[in-house]
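Only one structure is covered here, and it is reproduced in the block below.
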Amino acid sequence: MWGLVAAGSVFFPGLFLLSKQALKQLMGWSEGDAAVVSTRLVSSIQSIMAFSAGCIIIASCRDVIEDRHWLTDAYILFATPYFAYDIYAMFLCYRHKLQVKGHEEAGQSVGLMGATVIGYLRREFLMVLHHIFMVTFCFPASLGKGDYFQGVLFLAELSTPSVSLGKVLIQYKKQHTLLHKVNGVVMLLTFFGCRVLLFPYLYYAYGRYASMPMYRVPLVAPWQCNLGTALLWPLQLYWFTLICRGALRLFTQRSNSPPAILKADGNVGPANSCTTNQTAGGGRGE
């Protein structure tokens with residue numbers, strides 16, 4: 001058990017440091033730019049691993065309650081440190097954005113570092129809360145029966161690569177390209193399919209298994225499941241609303257308007273060199 005947690009604690013920060021150093025040496029990027037792209041890369045790799053694990057688990061579970069697969073508990077333990085690491089990685093991105101905006105001394109002294117941390121927590125409060133809740137409640141509650149449902153939850157990470165790619169495109173001022181618009185559509189569809197519809201599907205799948213109407217499932221489902229849904233699903237709906245609003249503004253803007261960007265939180269604004277707003281899990285991210 002603790003071996004998998006330790007492995008995750010080394011793998012994700014180690015991958016971040018390795019990719020950051022490689023980008024600095026091979027591409028000649030600054031510390032901040034390399035850190036931002038490395039954060040997106042690690043998030044994307046984690047999401048691909050989680051999605052792949054989910055597909056394997058779902059395919060192997062015939063009985064949605066009783067069937068078990070060793071990969072379920074193994075990946076939960078391995079991925080738990082990722083969410084703790086990602087909180088710090090998001091802070092590095094936030095601090096880099098302050099420096100890009102002209103606050104070159106952000107975080108260089110104790111007083112300024114404290115102000116930077118407070119500003120980060122205020123801006124990314126929902127995402128930090130999401131990550132803490134995942135580590136302290138969701139993952140421990142997921143250990144046990146119901147591997148099929150945990151596998152379905154892993155599929156939520158499918159939206160993370162498009163979110164990460166969008167941020168990288170924004171960082172390098174490619175928000176006016178066709179790739180950015182296509183990626184925005186992919187992000188919209190994957191977020192809706194793998195995050196918004198995910199929780200209703202879980203109740204539908206259990207209702208079909210137990211031969212009961214879907215509206216009765218919350219009455220018999222474990223309280224941990226209902227609590228997790230009550231806290232996480234509204235966040236997904238909120239973030240999806242922001243994404244839709246940003247997509248609508250992006251695709252309906254006038255041709256003579258300054259180039260606008262579709263940020264990961266759904267807002268549209270003028271181009272800048274670094275945008276660090278987060279969506280779900282990986283950030284997924286979710």
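Residue numbering restarts at 1 for every chain of the structure tokens, chains are lettered A, B, ... in their displayed order, and ligands are numbered from 1 as they appear.
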Shell of 12 Å around Ile45 of chain A, only C-alpha atoms, local chain residues under 3 positions omitted, as a PyMOL selection string: chain A and resi 11-12+15-16+19+38-42+48-52+79+82+157-158+160-162+164+282-285
Which of segment 25-188 of chain A DSSP labels alpha helix (DSSP H), written as a count of residues only: 122
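Distances to Phe191 of chain A were evaluated for A:Thr241, A:Tyr203, A:Tyr215, A:Asp147 using only C-alpha atoms, and the minimum falls at A:Thr241.
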If you take only C-alpha atoms and a cut-off of 12 Å, which residues of segment 173-228 of chain A touch segment 166-169 of chain A, and what are their nearest atom pairs and distances in Å to one decimal, in chain and number order, as a tab-separated table?
residue	atom	partner	partner_atom	distance
A:Lys173	CA	A:Leu169	CA	6.1
A:Lys174	CA	A:Leu169	CA	4.9
A:Gln175	CA	A:Leu169	CA	6.0
A:His176	CA	A:Leu169	CA	9.3
A:Thr177	CA	A:Leu169	CA	8.9
A:Leu178	CA	A:Leu169	CA	10.9
A:Leu179	CA	A:Leu169	CA	8.6
A:His180	CA	A:Gly166	CA	6.4
A:Lys181	CA	A:Gly166	CA	9.1
A:Val182	CA	A:Gly166	CA	9.9
A:Asn183	CA	A:Gly166	CA	6.7
A:Gly184	CA	A:Gly166	CA	7.2
A:Val185	CA	A:Gly166	CA	10.7
A:Val186	CA	A:Gly166	CA	10.3
A:Met187	CA	A:Gly166	CA	8.7
A:Leu188	CA	A:Gly166	CA	11.6
Mind writing the picked residues with N, CA, C and O atoms as an mmCIF file, in the first residue's frame?
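To be explicit, this is the file written out as result36.cif:
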data_model
loop_
_atom_site.group_PDB
_atom_site.id
_atom_site.type_symbol
_atom_site.label_atom_id
_atom_site.label_comp_id
_atom_site.auth_asym_id
_atom_site.auth_seq_id
_atom_site.Cartn_x
_atom_site.Cartn_y
_atom_site.Cartn_z
ATOM 1 N N LYS A 173 0.369 32.356 -27.443
ATOM 2 C CA LYS A 173 -0.427 33.277 -28.252
ATOM 3 C C LYS A 173 -0.905 32.637 -29.562
ATOM 4 O O LYS A 173 -0.864 33.247 -30.630
ATOM 5 N N LYS A 174 -1.357 31.397 -29.460
ATOM 6 C CA LYS A 174 -1.910 30.681 -30.605
ATOM 7 C C LYS A 174 -3.427 30.566 -30.499
ATOM 8 O O LYS A 174 -4.040 29.708 -31.114
ATOM 9 N N GLN A 175 -4.031 31.469 -29.709
ATOM 10 C CA GLN A 175 -5.461 31.387 -29.484
ATOM 11 C C GLN A 175 -6.290 31.761 -30.706
ATOM 12 O O GLN A 175 -7.492 31.522 -30.732
ATOM 13 N N HIS A 176 -5.662 32.336 -31.726
ATOM 14 C CA HIS A 176 -6.385 32.710 -32.935
ATOM 15 C C HIS A 176 -6.349 31.604 -33.980
ATOM 16 O O HIS A 176 -6.942 31.742 -35.058
ATOM 17 N N THR A 177 -5.675 30.508 -33.710
ATOM 18 C CA THR A 177 -5.494 29.457 -34.701
ATOM 19 C C THR A 177 -6.682 28.506 -34.732
ATOM 20 O O THR A 177 -7.484 28.428 -33.786
ATOM 21 N N LEU A 178 -6.765 27.756 -35.817
ATOM 22 C CA LEU A 178 -7.816 26.742 -35.942
ATOM 23 C C LEU A 178 -7.644 25.651 -34.902
ATOM 24 O O LEU A 178 -8.634 25.121 -34.372
ATOM 25 N N LEU A 179 -6.401 25.316 -34.590
ATOM 26 C CA LEU A 179 -6.146 24.284 -33.592
ATOM 27 C C LEU A 179 -6.760 24.643 -32.252
ATOM 28 O O LEU A 179 -7.343 23.789 -31.574
ATOM 29 N N HIS A 180 -6.663 25.919 -31.885
ATOM 30 C CA HIS A 180 -7.235 26.345 -30.602
ATOM 31 C C HIS A 180 -8.748 26.201 -30.606
ATOM 32 O O HIS A 180 -9.343 25.763 -29.613
ATOM 33 N N LYS A 181 -9.387 26.548 -31.710
ATOM 34 C CA LYS A 181 -10.844 26.429 -31.777
ATOM 35 C C LYS A 181 -11.285 24.975 -31.784
ATOM 36 O O LYS A 181 -12.259 24.604 -31.118
ATOM 37 N N VAL A 182 -10.580 24.147 -32.552
ATOM 38 C CA VAL A 182 -10.913 22.719 -32.572
ATOM 39 C C VAL A 182 -10.711 22.114 -31.188
ATOM 40 O O VAL A 182 -11.543 21.327 -30.703
ATOM 41 N N ASN A 183 -9.629 22.489 -30.542
ATOM 42 C CA ASN A 183 -9.367 21.989 -29.191
ATOM 43 C C ASN A 183 -10.454 22.449 -28.222
ATOM 44 O O ASN A 183 -10.838 21.703 -27.311
ATOM 45 N N GLY A 184 -10.964 23.656 -28.417
ATOM 46 C CA GLY A 184 -12.041 24.142 -27.567
ATOM 47 C C GLY A 184 -13.301 23.304 -27.714
ATOM 48 O O GLY A 184 -13.996 23.024 -26.726
ATOM 49 N N VAL A 185 -13.608 22.900 -28.936
ATOM 50 C CA VAL A 185 -14.782 22.041 -29.171
ATOM 51 C C VAL A 185 -14.577 20.686 -28.505
ATOM 52 O O VAL A 185 -15.495 20.136 -27.873
ATOM 53 N N VAL A 186 -13.360 20.126 -28.657
ATOM 54 C CA VAL A 186 -13.058 18.841 -28.034
ATOM 55 C C VAL A 186 -13.184 18.943 -26.521
ATOM 56 O O VAL A 186 -13.742 18.049 -25.856
ATOM 57 N N MET A 187 -12.679 20.030 -25.939
ATOM 58 C CA MET A 187 -12.776 20.231 -24.498
ATOM 59 C C MET A 187 -14.233 20.309 -24.064
ATOM 60 O O MET A 187 -14.634 19.715 -23.056
ATOM 61 N N LEU A 188 -15.044 21.004 -24.829
ATOM 62 C CA LEU A 188 -16.463 21.149 -24.499
ATOM 63 C C LEU A 188 -17.163 19.793 -24.503
ATOM 64 O O LEU A 188 -17.905 19.463 -23.571
#
For Val117 of chain A: contacts at 10 Å, only C-alpha atoms, fewer than 6 positions along chain excluded, given as a ChimeraX atom specification: /A:91,94-95,107,123
Close residues, Ser60 of chain A itself excluded, 10 Å, only C-alpha atoms, min 6 positions apart in chain, as JSON, numbers by chain: {"A": [54, 67, 68, 69, 147, 148, 151]}
Got time to write the residues from that selection, all heavy atoms, as a compact mmCIF listing (two decimals), in the first residue's frame?
# COMPACT_ATOMS: atom_id res chain seq x y z
N GLY A 54 -9.19 3.17 -16.21
CA GLY A 54 -10.65 3.08 -16.18
C GLY A 54 -11.20 2.16 -17.24
O GLY A 54 -12.11 1.36 -16.99
N ASP A 67 -17.58 -7.54 -8.69
CA ASP A 67 -16.33 -7.80 -9.40
C ASP A 67 -15.24 -6.83 -8.97
O ASP A 67 -15.48 -5.63 -8.81
CB ASP A 67 -16.54 -7.71 -10.91
CG ASP A 67 -17.25 -8.93 -11.47
OD1 ASP A 67 -17.50 -9.86 -10.68
OD2 ASP A 67 -17.55 -8.96 -12.67
N ARG A 68 -14.03 -7.37 -8.82
CA ARG A 68 -12.88 -6.56 -8.41
C ARG A 68 -11.79 -6.65 -9.46
O ARG A 68 -11.69 -7.62 -10.21
CB ARG A 68 -12.31 -7.05 -7.07
CG ARG A 68 -13.28 -7.08 -5.91
CD ARG A 68 -13.80 -5.69 -5.55
NE ARG A 68 -12.73 -4.73 -5.37
CZ ARG A 68 -12.02 -4.58 -4.24
NH1 ARG A 68 -12.25 -5.38 -3.20
NH2 ARG A 68 -11.08 -3.67 -4.16
N HIS A 69 -10.96 -5.62 -9.52
CA HIS A 69 -9.78 -5.63 -10.37
C HIS A 69 -8.66 -4.98 -9.58
O HIS A 69 -8.82 -3.91 -8.98
CB HIS A 69 -10.03 -4.87 -11.67
CG HIS A 69 -8.98 -5.10 -12.72
ND1 HIS A 69 -7.72 -4.53 -12.65
CD2 HIS A 69 -8.99 -5.84 -13.86
CE1 HIS A 69 -7.01 -4.90 -13.70
NE2 HIS A 69 -7.75 -5.70 -14.44
N ASP A 147 -15.70 -1.65 -8.05
CA ASP A 147 -14.61 -1.25 -8.93
C ASP A 147 -15.12 -0.71 -10.26
O ASP A 147 -14.48 0.16 -10.86
CB ASP A 147 -13.68 -2.44 -9.18
CG ASP A 147 -12.81 -2.75 -7.97
OD1 ASP A 147 -13.10 -2.21 -6.89
OD2 ASP A 147 -11.85 -3.52 -8.12
N TYR A 148 -16.24 -1.23 -10.73
CA TYR A 148 -16.79 -0.75 -12.00
C TYR A 148 -17.06 0.75 -11.94
O TYR A 148 -16.71 1.50 -12.86
CB TYR A 148 -18.08 -1.49 -12.34
CG TYR A 148 -18.80 -0.96 -13.54
CD1 TYR A 148 -18.46 -1.37 -14.82
CD2 TYR A 148 -19.82 -0.02 -13.41
CE1 TYR A 148 -19.11 -0.86 -15.95
CE2 TYR A 148 -20.49 0.49 -14.52
CZ TYR A 148 -20.13 0.06 -15.77
OH TYR A 148 -20.79 0.57 -16.88
N GLY A 151 -13.92 2.72 -11.98
CA GLY A 151 -13.40 2.78 -13.34
C GLY A 151 -14.10 3.84 -14.17
O GLY A 151 -13.45 4.55 -14.95
Residues within 9 Å of Val152 of chain A, only C-alpha atoms, excluding chain neighbours under 2 positions, as a list of chain:residue names: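 Listing them by chain and then by number gives A:Phe51, A:Gly54, A:Cys55, A:Ile57, A:Ile58, A:Asp147, A:Tyr148, A:Phe149, A:Gln150, A:Phe154, A:Leu155, A:Ala156, A:Cys194, A:Leu198, A:Leu202.
Of the residues under consideration (A:Gly119, A:Pro81, A:Gly246, A:Pro222), A:Pro81 shows the shortest atom-to-atom contact distance to Ile132 of chain A when counting only C-alpha atoms.
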From A:Leu250, A:Ile65, A:Ile87, A:Ala230, residue lying nearest Tyr206 of chain A [only C-alpha atoms]: A:Ile65
What's the 8 Å shell around Gln236 of chain A, counting only C-alpha atoms, without same-chain residues fewer than 2 positions away, as a CSV table (one decimal) with N, CA, C and O atoms, in the first residue's frame?
chain,number,residue,atom,x,y,z
A,195,ARG,N,-17.7,14.4,-17.5
A,195,ARG,CA,-17.8,15.0,-16.2
A,195,ARG,C,-19.3,15.3,-15.9
A,195,ARG,O,-19.7,15.0,-14.8
A,196,VAL,N,-20.0,16.0,-16.8
A,196,VAL,CA,-21.3,16.4,-16.5
A,196,VAL,C,-22.3,15.2,-16.5
A,196,VAL,O,-23.1,15.1,-15.6
A,232,LEU,N,-19.2,17.2,-5.7
A,232,LEU,CA,-18.4,17.3,-6.9
A,232,LEU,C,-19.2,17.6,-8.2
A,232,LEU,O,-18.7,18.3,-9.0
A,233,TRP,N,-20.5,17.1,-8.3
A,233,TRP,CA,-21.2,17.4,-9.5
A,233,TRP,C,-21.6,18.9,-9.7
A,233,TRP,O,-21.4,19.4,-10.8
A,234,PRO,N,-22.0,19.6,-8.6
A,234,PRO,CA,-22.2,21.0,-8.8
A,234,PRO,C,-20.9,21.8,-9.3
A,234,PRO,O,-21.1,22.7,-10.1
A,238,TYR,N,-20.8,23.9,-12.7
A,238,TYR,CA,-20.4,25.3,-12.7
A,238,TYR,C,-19.2,25.5,-13.7
A,238,TYR,O,-19.3,26.5,-14.5
A,239,TRP,N,-18.2,24.7,-13.7
A,239,TRP,CA,-17.1,24.8,-14.7
A,239,TRP,C,-17.6,24.6,-16.1
A,239,TRP,O,-17.1,25.3,-17.0
A,240,PHE,N,-18.5,23.7,-16.3
A,240,PHE,CA,-19.0,23.5,-17.7
A,240,PHE,C,-19.8,24.8,-18.2
A,240,PHE,O,-19.7,25.1,-19.3
A,280,ALA,N,-11.6,21.3,-13.8
A,280,ALA,CA,-11.6,20.1,-13.0
A,280,ALA,C,-10.4,19.3,-13.2
A,280,ALA,O,-9.9,19.0,-14.2
Pick from A:Leu126, A:Cys244, A:Leu23, A:Cys93 nearest to Leu189 of chain A, counting only C-alpha atoms: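 For Leu189 of chain A, the nearest of the candidates is A:Cys244.
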Nearest to Tyr75 of chain A by atom-to-atom distance, counting only C-alpha atoms, from A:Gly193, A:Pro200, A:Gly8, A:Gly207: A:Gly8
Nearest residue to Met90 of chain A from the set A:Ser43, A:Thr229, A:Ser30, A:Ser211 (distances using only C-alpha atoms):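 When distances to Met90 of chain A are compared using only C-alpha atoms, the smallest one comes from A:Ser43.
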Coordinates-based distance that separates atom CA of Asn226 of chain A from atom CA of Arg208 of chain A (Å, one decimal): 17.4 Å
